[in-house]
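Step one of this worksheet: look at the structure below.
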Amino acid sequence: MVASDMTNALSVRGLVKRFGPKTAVDDLSFEVATGEVLGFLGPNGAGKSTTMKMICGFLAPSVGTAVICGHDVLENPIAAKRSFGYLPEGAPAYPDMTTIGFLDFIAGIRGYNGTERRERVTAAIAKTRLEEVIHQPIETLSKGFKRRVGLAQALLHDPAVLILDEPTDGLDPNQKFEVRKLIKAMAATKAIVISTHILEEVDAVCSRAMIIARGRILADDTPEGLRGLSASRNLDDVFREVTANA
Amino acid sequence: MRNVGLIMRRELRGYFATPLAYIFIVIFLALAGALTFFVGGLLQRGQADLQPFFTFHPWLYLFLVPALSMRLWAEERRTGTIELFLTLPITMSEAVIAKFLAAWAFTAIAVILTFPLWITVNLLGNPDNGVILASYVGSLLMAGAFLAVGSMISATTKNQVIAFVVTTAALFVFALAGSDAVLEAFRGWAPAIVVDLIAGFGFLTHFQSIARGVIDLRDAIFFGSVIVLALFANALIVDLKKAD
């Protein structure tokens, strides 16, 4: 057990989430190692966001748990939460705060002080190219900038694990390109999970992809391996064929 | 503790980021002044004390506290920031206590800004400033109890208006629980112990001696217990309802 915690930055163990009679996530288990970018694919309502919320300790699983860098999110939530950065769906941020005020607050909560705090904020702003909007209230930002503020807060403490829920949703092609470049640049030193329903994203950034529907894993392979699942070798076809029978 | 300080400062700045803070303070001061002079007859009484001022505090808090507490959790849930907030490395108690303390600190700022009244009575006569200080402390203690109940109710909804209305109604019930009008309705049929229990929950009953400048330990414990209980329930509600 300990050995697997060391090699795998993120370990999801038998996660189940039931909402009343409905089972949103049905016994999901997988491991993500450092250096991997796992694409989490699935139709809307497949349980992608619910799974991410459980990994990050926002939702309590009905059964199972997630272990981040050796810290069980249920038994040791604070240590687990220190080890990951999380971009929730829609990139929520306090609308009345300025970009820099918000990131400074996050840096404080992440335990940084003084010079190091300022450096962390500056580095996060530089990585996500937020320089021109640092003094603007977040509510006045465009969708692209808002998403980047969300990314900036997620990677501010240089976490070993990044959980990004639809990081490029609603962005224009240029912004998507920028965000993907950023993810690729960080990929070597982190374990990254991104959820998406944009299949081109898999080719663009993922080293591995998982198709889930109705809370179950239907396929788990490299993008190249996934292509082999359909005669046409087209990811759209693979997605349709795999999820059709779910 | 460090996290409590950071979150509290963020929340306090949140009040001042919108006109709400200034509107609140202006209306609080205007109402407090008007009630004290025109309804309470501070100048006609011929006594140098602030009793008419403090007597109206529960009624001011009844409408103004819900305006402060309504956003504490409802706003986080509406904007979705609750998901960000509660996946940061902070504990639930830090989150609940920090938000409550921010609202309480804001109320303290508003209450302290009534100091010109204190100067007025000191210019006009020789009031017992110890009594006035005790009344201020007691008043803030009661405001804390009101705020804790309001924060708890704010955690149950995404809608700030609902939080406001429900909090006002709940505080009204708490305020009047000890009054004869309410107790009379129960005396006819309920056992004496139930009537005593309801009377014991009356905020006004517990505030009466405080307004006269006497902080009875029992009243202080009562308001303190309300704060602790309401915040405990607040944490449970956030935990159960955060994902709805």
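Residue names in the structure tokens use chain letters A, B, ... in the order shown, residue numbers from 1 in each chain, and ligand numbers from 1 in the order shown.
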**Request:** Please return as a ChimeraX atom specification: the residues of stretch 16-190 of chain A that backbone DSSP assigns to strand (DSSP E or B).
**Result:** /A:16-19,22-33,37-41,63-68,71-72,84-87,98,137,161-165
**Request:** May I ask you to extract the residues of chain A within 10 Å of chain B, using only C-alpha atoms, and to give them as a ChimeraX atom specification?
**Result:** /A:50,53,55-60,77-97,101-102,105-106,108-111,137,150,153-154
Might you pull out every residue within 10 Å of stretch 92-107 of chain B, with only C-alpha atoms counted and same-chain residues fewer than 4 positions away left off, and present them as a CSV table (one decimal) with N, CA and C atoms, in the first residue's frame?
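The result, stored in out28.csv:
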```csv
chain,number,residue,atom,x,y,z
B,1,MET,N,-5.7,29.6,13.7
B,1,MET,CA,-5.9,31.0,14.1
B,1,MET,C,-5.5,32.0,12.9
B,2,ARG,N,-4.4,31.6,12.3
B,2,ARG,CA,-3.9,32.4,11.1
B,2,ARG,C,-5.0,32.4,10.0
B,3,ASN,N,-5.5,31.2,9.7
B,3,ASN,CA,-6.5,31.1,8.7
B,3,ASN,C,-7.8,32.0,9.1
B,4,VAL,N,-8.2,31.9,10.4
B,4,VAL,CA,-9.3,32.7,10.8
B,4,VAL,C,-9.1,34.1,10.5
B,5,GLY,N,-7.9,34.6,10.8
B,5,GLY,CA,-7.6,36.0,10.6
B,5,GLY,C,-7.7,36.4,9.1
B,6,LEU,N,-7.1,35.5,8.3
B,6,LEU,CA,-7.1,35.8,6.8
B,6,LEU,C,-8.5,35.8,6.3
B,7,ILE,N,-9.3,34.8,6.6
B,7,ILE,CA,-10.7,34.7,6.1
B,7,ILE,C,-11.5,35.9,6.6
B,8,MET,N,-11.3,36.2,7.9
B,8,MET,CA,-12.1,37.3,8.5
B,8,MET,C,-11.8,38.6,7.8
B,9,ARG,N,-10.5,38.9,7.5
B,9,ARG,CA,-10.1,40.1,6.8
B,9,ARG,C,-10.8,40.1,5.4
B,10,ARG,N,-10.8,39.0,4.7
B,10,ARG,CA,-11.3,38.9,3.4
B,10,ARG,C,-12.8,39.3,3.4
B,11,GLU,N,-13.5,38.7,4.4
B,11,GLU,CA,-15.0,38.9,4.6
B,11,GLU,C,-15.2,40.4,4.9
B,12,LEU,N,-14.5,40.9,5.8
B,12,LEU,CA,-14.7,42.3,6.2
B,12,LEU,C,-14.5,43.3,5.0
B,13,ARG,N,-13.4,43.0,4.2
B,13,ARG,CA,-13.2,43.8,3.0
B,13,ARG,C,-14.4,43.6,2.0
B,14,GLY,N,-15.0,42.4,2.0
B,14,GLY,CA,-16.1,42.1,1.2
B,14,GLY,C,-17.3,43.1,1.5
B,15,TYR,N,-17.5,43.3,2.8
B,15,TYR,CA,-18.6,44.3,3.2
B,15,TYR,C,-18.3,45.7,2.6
B,16,PHE,N,-17.0,46.1,2.7
B,16,PHE,CA,-16.7,47.4,2.3
B,16,PHE,C,-16.5,47.6,0.7
B,21,ALA,N,-21.9,48.3,3.2
B,21,ALA,CA,-21.3,48.7,4.4
B,21,ALA,C,-21.7,50.1,4.8
B,24,PHE,N,-25.4,50.6,5.4
B,24,PHE,CA,-25.7,50.0,6.7
B,24,PHE,C,-25.3,50.9,7.9
B,25,ILE,N,-24.1,51.4,7.8
B,25,ILE,CA,-23.6,52.2,8.9
B,25,ILE,C,-24.5,53.5,9.0
B,28,PHE,N,-27.9,52.7,10.3
B,28,PHE,CA,-27.9,52.3,11.7
B,28,PHE,C,-27.7,53.5,12.6
B,61,TYR,N,-31.2,45.8,15.8
B,61,TYR,CA,-30.6,44.5,15.3
B,61,TYR,C,-31.5,43.6,14.6
B,64,LEU,N,-31.4,45.0,11.0
B,64,LEU,CA,-30.1,45.3,10.4
B,64,LEU,C,-29.2,44.1,10.4
B,65,VAL,N,-29.3,43.3,11.5
B,65,VAL,CA,-28.4,42.1,11.6
B,65,VAL,C,-28.6,41.1,10.4
B,68,LEU,N,-26.7,41.9,7.4
B,68,LEU,CA,-25.3,41.6,7.4
B,68,LEU,C,-25.0,40.1,7.3
B,69,SER,N,-25.9,39.3,7.9
B,69,SER,CA,-25.6,37.8,8.0
B,69,SER,C,-26.1,37.1,6.7
B,71,ARG,N,-25.6,37.3,3.6
B,71,ARG,CA,-24.7,37.0,2.5
B,71,ARG,C,-23.6,36.0,2.9
B,72,LEU,N,-23.4,35.8,4.2
B,72,LEU,CA,-22.2,35.0,4.7
B,72,LEU,C,-22.1,33.7,4.0
B,73,TRP,N,-23.1,32.9,3.9
B,73,TRP,CA,-23.0,31.6,3.2
B,73,TRP,C,-23.8,31.5,1.9
B,85,PHE,N,-13.7,27.6,-1.7
B,85,PHE,CA,-13.4,27.9,-0.3
B,85,PHE,C,-13.2,26.6,0.6
B,86,LEU,N,-14.1,25.7,0.4
B,86,LEU,CA,-14.0,24.5,1.3
B,86,LEU,C,-13.1,23.4,0.7
B,111,VAL,N,-21.6,50.0,15.9
B,111,VAL,CA,-22.0,50.3,17.2
B,111,VAL,C,-21.0,51.4,17.8
B,112,ILE,N,-19.7,51.2,17.6
B,112,ILE,CA,-18.7,52.1,18.2
B,112,ILE,C,-18.9,53.5,17.6
B,113,LEU,N,-19.4,53.5,16.3
B,113,LEU,CA,-19.6,54.9,15.7
B,113,LEU,C,-20.8,55.7,16.3
B,140,LEU,N,-23.3,44.3,22.3
B,140,LEU,CA,-22.6,43.5,21.3
B,140,LEU,C,-22.7,42.0,21.4
B,141,LEU,N,-22.8,41.6,22.7
B,141,LEU,CA,-23.0,40.2,23.0
B,141,LEU,C,-24.3,39.7,22.4
B,143,ALA,N,-25.9,41.2,19.9
B,143,ALA,CA,-25.7,41.3,18.4
B,143,ALA,C,-25.0,40.0,17.9
B,144,GLY,N,-24.1,39.5,18.7
B,144,GLY,CA,-23.4,38.3,18.3
B,144,GLY,C,-24.3,37.1,18.2
B,145,ALA,N,-25.2,37.0,19.2
B,145,ALA,CA,-26.2,35.9,19.2
B,145,ALA,C,-27.1,36.1,18.0
B,146,PHE,N,-27.6,37.3,17.7
B,146,PHE,CA,-28.4,37.5,16.5
B,146,PHE,C,-27.7,37.1,15.2
B,147,LEU,N,-26.4,37.5,15.1
B,147,LEU,CA,-25.6,37.2,13.9
B,147,LEU,C,-25.4,35.7,13.8
B,148,ALA,N,-25.1,35.0,14.9
B,148,ALA,CA,-24.9,33.6,14.8
B,148,ALA,C,-26.1,32.9,14.2
B,149,VAL,N,-27.3,33.3,14.7
B,149,VAL,CA,-28.5,32.7,14.2
B,149,VAL,C,-28.7,33.0,12.7
B,150,GLY,N,-28.3,34.3,12.4
B,150,GLY,CA,-28.4,34.7,11.0
B,150,GLY,C,-27.5,34.0,10.1
B,151,SER,N,-26.3,33.7,10.5
B,151,SER,CA,-25.3,33.0,9.8
B,151,SER,C,-25.7,31.6,9.5
B,152,MET,N,-26.3,31.0,10.5
B,152,MET,CA,-26.8,29.6,10.4
B,152,MET,C,-27.9,29.5,9.3
B,155,ALA,N,-26.7,29.7,5.8
B,155,ALA,CA,-26.2,28.5,5.3
B,155,ALA,C,-27.2,27.6,4.6
B,227,ILE,N,-24.6,31.7,20.6
B,227,ILE,CA,-23.6,31.8,19.6
B,227,ILE,C,-23.0,30.5,19.3
B,228,VAL,N,-22.6,29.8,20.3
B,228,VAL,CA,-21.9,28.5,20.1
B,228,VAL,C,-22.8,27.5,19.5
B,231,LEU,N,-23.6,28.4,15.8
B,231,LEU,CA,-22.4,28.2,14.9
B,231,LEU,C,-22.2,26.7,14.7
B,232,PHE,N,-22.4,25.9,15.7
B,232,PHE,CA,-22.2,24.5,15.6
B,232,PHE,C,-23.2,24.0,14.5
B,234,ASN,N,-24.6,25.7,12.3
B,234,ASN,CA,-24.2,26.4,11.0
B,234,ASN,C,-23.2,25.4,10.3
B,235,ALA,N,-22.2,24.9,11.0
B,235,ALA,CA,-21.2,24.0,10.4
B,235,ALA,C,-21.8,22.8,9.9
B,236,LEU,N,-22.7,22.2,10.7
B,236,LEU,CA,-23.4,21.0,10.3
B,236,LEU,C,-24.2,21.2,9.0
B,238,VAL,N,-23.8,23.6,6.7
B,238,VAL,CA,-22.9,23.8,5.5
B,238,VAL,C,-22.4,22.4,5.0
B,239,ASP,N,-22.0,21.6,6.0
B,239,ASP,CA,-21.5,20.3,5.6
B,239,ASP,C,-22.5,19.5,4.8
```
**Request:** Write out as a PyMOL selection string which residues come within 12 Å of stretch 121-132 of chain A when counting only C-alpha atoms, dropping same-chain ones fewer than 5 positions away.
**Result:** chain A and resi 98-108+110+112-116+138+141-142+144-158+175+178-183+185-186
**Request:** In Å, rounded to a single decimal, give me how far atom CA of B:Gly40 is from atom CA of B:Phe54.
**Result:** 9.7 Å
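Taking only C-alpha atoms, the non-local environment of stretch 30-32 of chain B within 9 Å (same-chain residues fewer than 4 positions away omitted) comprises Ile25, Val26, Thr36, Phe37, Phe53, Phe54, Phe56, His57, Leu60 and Thr114 of chain B.
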Write to file, as a CSV table (one decimal), in the first residue's frame, the residues of the selection just made, with N, CA and C atoms.
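This is the output file again-v1.csv:
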```csv
chain,number,residue,atom,x,y,z
B,25,ILE,N,-24.1,51.4,7.8
B,25,ILE,CA,-23.6,52.2,8.9
B,25,ILE,C,-24.5,53.5,9.0
B,26,VAL,N,-24.7,54.2,7.9
B,26,VAL,CA,-25.5,55.4,7.9
B,26,VAL,C,-26.9,55.2,8.5
B,36,THR,N,-33.4,57.3,19.7
B,36,THR,CA,-33.0,57.7,21.1
B,36,THR,C,-33.5,59.1,21.4
B,37,PHE,N,-33.5,60.1,20.5
B,37,PHE,CA,-33.9,61.4,20.8
B,37,PHE,C,-35.4,61.6,20.7
B,53,PHE,N,-31.2,54.9,24.5
B,53,PHE,CA,-30.4,54.4,23.4
B,53,PHE,C,-30.4,52.9,23.3
B,54,PHE,N,-29.9,52.3,24.4
B,54,PHE,CA,-29.7,50.9,24.4
B,54,PHE,C,-31.0,50.1,24.4
B,56,PHE,N,-33.4,50.5,22.5
B,56,PHE,CA,-33.8,50.2,21.1
B,56,PHE,C,-32.9,49.3,20.3
B,57,HIS,N,-31.8,48.9,20.9
B,57,HIS,CA,-30.8,48.1,20.2
B,57,HIS,C,-31.4,46.8,19.7
B,60,LEU,N,-33.2,47.5,16.5
B,60,LEU,CA,-32.4,47.9,15.4
B,60,LEU,C,-31.7,46.6,14.9
B,114,THR,N,-21.5,55.1,17.3
B,114,THR,CA,-22.5,55.8,18.0
B,114,THR,C,-21.9,56.7,19.1
```
**Item:** All helix (DSSP H, G or I) residues (DSSP, backbone) inside stretch 94-213 of chain B, as number ranges by chain
**Value:** B: 94-112, 115-124, 129-154, 160-176, 180-187, 192-200, 203-211
**Message:** Please list as a PyMOL selection string every residue within 8 Å of B:Thr157, counting only C-alpha atoms and excluding residues in the same chain fewer than 4 positions away.
**Reply:** chain B and resi 73-74+77+153+162-163
**Message:** Give me, as a PyMOL selection string, all polymer residues having an atom no more than 9 Å from A:Val242, counting only C-alpha atoms and skipping those fewer than 3 positions away in the same chain.
**Reply:** chain A and resi 211+218-219+229-230+237-239+245-246
